[in-house]
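Some notes on the structure that comes next.
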Amino acid sequence: MKNELKKLLPYAMVGVISGATVFGGIKFSERNNANTQDYSYFTKANDTKFAGMNMSGLGEDFTKAAKMTVPAVVTIKNYSNRSAGRSSEQDIFEYFFGQPGRQRQQQKPDNMPSGMGSGVIISPDGYIISNNHVVAGASKLEVVLNNRKSYIATLVGTDPNTDISLLKIEEKGLPYLNFANSDLVEVGQWVLAVGNPLGLNSTATAGIISAKGRGIGILGSKGEATNPIESFLQTDAAINMGNSGGALVNTNGDLIGINSAIASPTGYYSGYGFAVPSNLARKIVEDIKKFGLVQRGFLGVGTLDLSDDQQVALYNREFKTNLKPGNGMYIREVTANSGSEDAGLRKGDIITKIDSTPITDFADLSLAIGSKRPGDAVNVTFLRNGAEKTVRVVLKDQKGGISARTRADLTVSEKIGGEFQPLSENFKTRYGLNSGVLVRNVIDGGELSKIGIVDNYIIMEINGKPVNSQKDVEKILNGFNGNVQIKYVDEYGRIYTQGFRMPN
């Protein structure tokens with residue numbers, strides 16, 4: 001033992017001498033700096049650090065997350081037949097006698113997709129989550145795995161209000177990603193975005209979470225959402241066209257969001273990407289799998305976002321009020337027979353909190369309520385005449401119910417994805433129609449949409465029977481099983497006959 005200590009002694013002495021030398025150098029430098037720091041361009045700060053990144057804090061790098069994520073992200077090809085609704089006789093007629101000055105639309109070949117996006121495998125038996133806008137209007141959906149294997153997918157369900165869709169392919173033992181708790185995501189956290197941007201398969205980009213709870217107004221203005229839920233995670237990881245539906249993961253490779261949109265003046269990456277938080281996406285997927293449709297609870301109030309100065313100014317101008325901008329949601333109206341009416345909320349109250357979640361703007365409120373189901377109860381904290389109050393509100397669906405609905409509970413209009421208005425007799429006479437209903441509120445991805453019907457088309461007959469009202473449509477299709485034949489007229493007066501299988 002003594003011999004070993006004798007061997008180590010020279011090294012110890014060198015260490016002591018080196019430390020003393022460094023310490024003395026530092027002190028000498030400090031004395032010199034004390035005389036010159038006023039003339040230096042840089043000033044001293046005790047809490048500064050070099051900007052080099054210590055990768056030991058992150059583990060090795062992003063390779064672990066990439067290895068887990070890339071195999072679970074797929075390409076989704078959308079084949080749409082929207083431009084192929086007319087018969088061959090009508091095609092020939094228009095070719096020779098088409099409207100002057102109207103350019104004939106070139107149709108894509110049947111084997112060419114009309115759109116492409118990404119998706120994420122979320123179970124080994126083939127369930128895939130993506131965006132609603134990736135699958136919208138598809139007559140066929142093809143899924144291509146990272147290993148190039150291709151499958152025809154079944155569309156299990158969609159939700160335009162969150163821009164989420166669920167697909168299924170028939171396969172087992174697939175790589176998949178686990179949902180993480182997006183409520184725990186923090187601004188500044190490292191993330192990886194994986195998808196198929198601009199046709200580049202299996203592309204991974206890195207960045208940070210740059211903001212939470214972003215509402216960008218895209219689902220209502222550019223999508224099919226009637227009650228949009230927007231509370232996006234914002235990231236500066238590069239996201240481009242084709243990334244939609246792909247994965248946003250943390251450094252462990254856990255799914256924290258579904259990439260959905262970009263903010264860009266050019267349509268390409270400009271530093272701002274947006275993802276649906278995983279907690280909301282998981283709730284939508286669970287609803288679709290269990291019930292066949294999304295279970296959405298509603299607070300039952302019309303609100304004004306006090307954090308939006310322009311909205312407040314417009315409201316004050318229109319209604320001659322003097323509301324002040326700030327945080328919270330001002331209740332403009334309370335829906336009859338809603339949970340809010342039952343709880344005693346009224347116009348003029350300002351919602352500041354749902355359960356333990358502060359409500360500063362519409363994005364906060366939409367996520368806090370939109371992630372709940374009918375029958376769920378929430379504690380609503382609000383200001384009334386400057387005093388803070390809290391009430392318990394039981395959420396209801398839009399029909400006033402508090403229990404879950406399945407596809408069997410849907411009306412015919414909900415099942416086929418559209419509503420119908422009667423035509424006036426003058427209109428029928430003017431256009432030589434013996435029957436017809438005007439189609440309204442066509443749901444993208446619904447049965448009517450799939451066969452090319454959009455808002456303001458006229459349905460003349462269903463299964464060979466004339467229809468003149470919503471009641472006629474319901475009577476013909478209520479309880480019907482089998483193939484449905486629709487005869488309809490487009491905006492140019494062209495008549496089509498198309499069909500679909502009546503959903504259960």
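Residue numbering restarts at 1 in every chain; chains get A, B, ... in the order shown in the structure tokens, and ligands count up from 1 in that same order.
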
Contacts of range 393-437 of chain A with range 486-493 of chain A up to 10 Å, shortest pair per row, only C-alpha atoms, as CSV:
residue,atom,partner,partner_atom,distance
A:Tyr431,CA,A:Gly493,CA,9.0
A:Gly436,CA,A:Tyr488,CA,8.4
A:Val437,CA,A:Tyr488,CA,9.3

Can you write just those residues out, C-alpha atoms, as a CSV table (one decimal), in the first residue's frame?
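Written output follows (part12.csv):
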chain,number,residue,atom,x,y,z
A,431,TYR,CA,-85.7,24.6,-64.3
A,436,GLY,CA,-85.6,17.9,-55.8
A,437,VAL,CA,-83.9,19.0,-52.5

Just the residues within 12 Å of Asn327 in chain A, please, counting only C-alpha atoms, with nothing from its chain fewer than 6 positions along; format it as number ranges by chain.
-> A: 304-309, 312, 350-353, 358-365, 382-383

Within 7 Å of Gln421 in chain A using only C-alpha atoms, minus same-chain residues under 2 positions, as a list of chain:residue names |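 Once the nearby chain positions are removed, what remains is A:Leu423, A:Val437, A:Leu438, A:Val439, A:Ser469, A:Gln470.
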
Could you please take those selected residues and save C-alpha atoms as a CSV table (one decimal), in the first residue's frame?
chain,number,residue,atom,x,y,z
A,423,LEU,CA,-87.0,23.7,-53.5
A,437,VAL,CA,-83.9,19.0,-52.5
A,438,LEU,CA,-81.0,21.4,-52.1
A,439,VAL,CA,-78.0,19.9,-50.4
A,469,SER,CA,-87.9,17.4,-48.3
A,470,GLN,CA,-85.6,16.2,-45.5

Between A:Thr303, A:Gln310, A:Ser114, A:Thr235, which has the minimum distance to Tyr330 in chain A (counting only C-alpha atoms)?
-> A:Thr303

Atomic distance CA of Ile152 in chain A - CA of Glu171 in chain A, expressed in Å with one decimal |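 Computed distance, CA of Ile152 in chain A to CA of Glu171 in chain A, equals 11.0 Å.
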
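Across A:Gly302, A:Gly401, A:Gly115, A:Gly344, the tightest approach to Arg332 in chain A is made by A:Gly302 when counting only C-alpha atoms.
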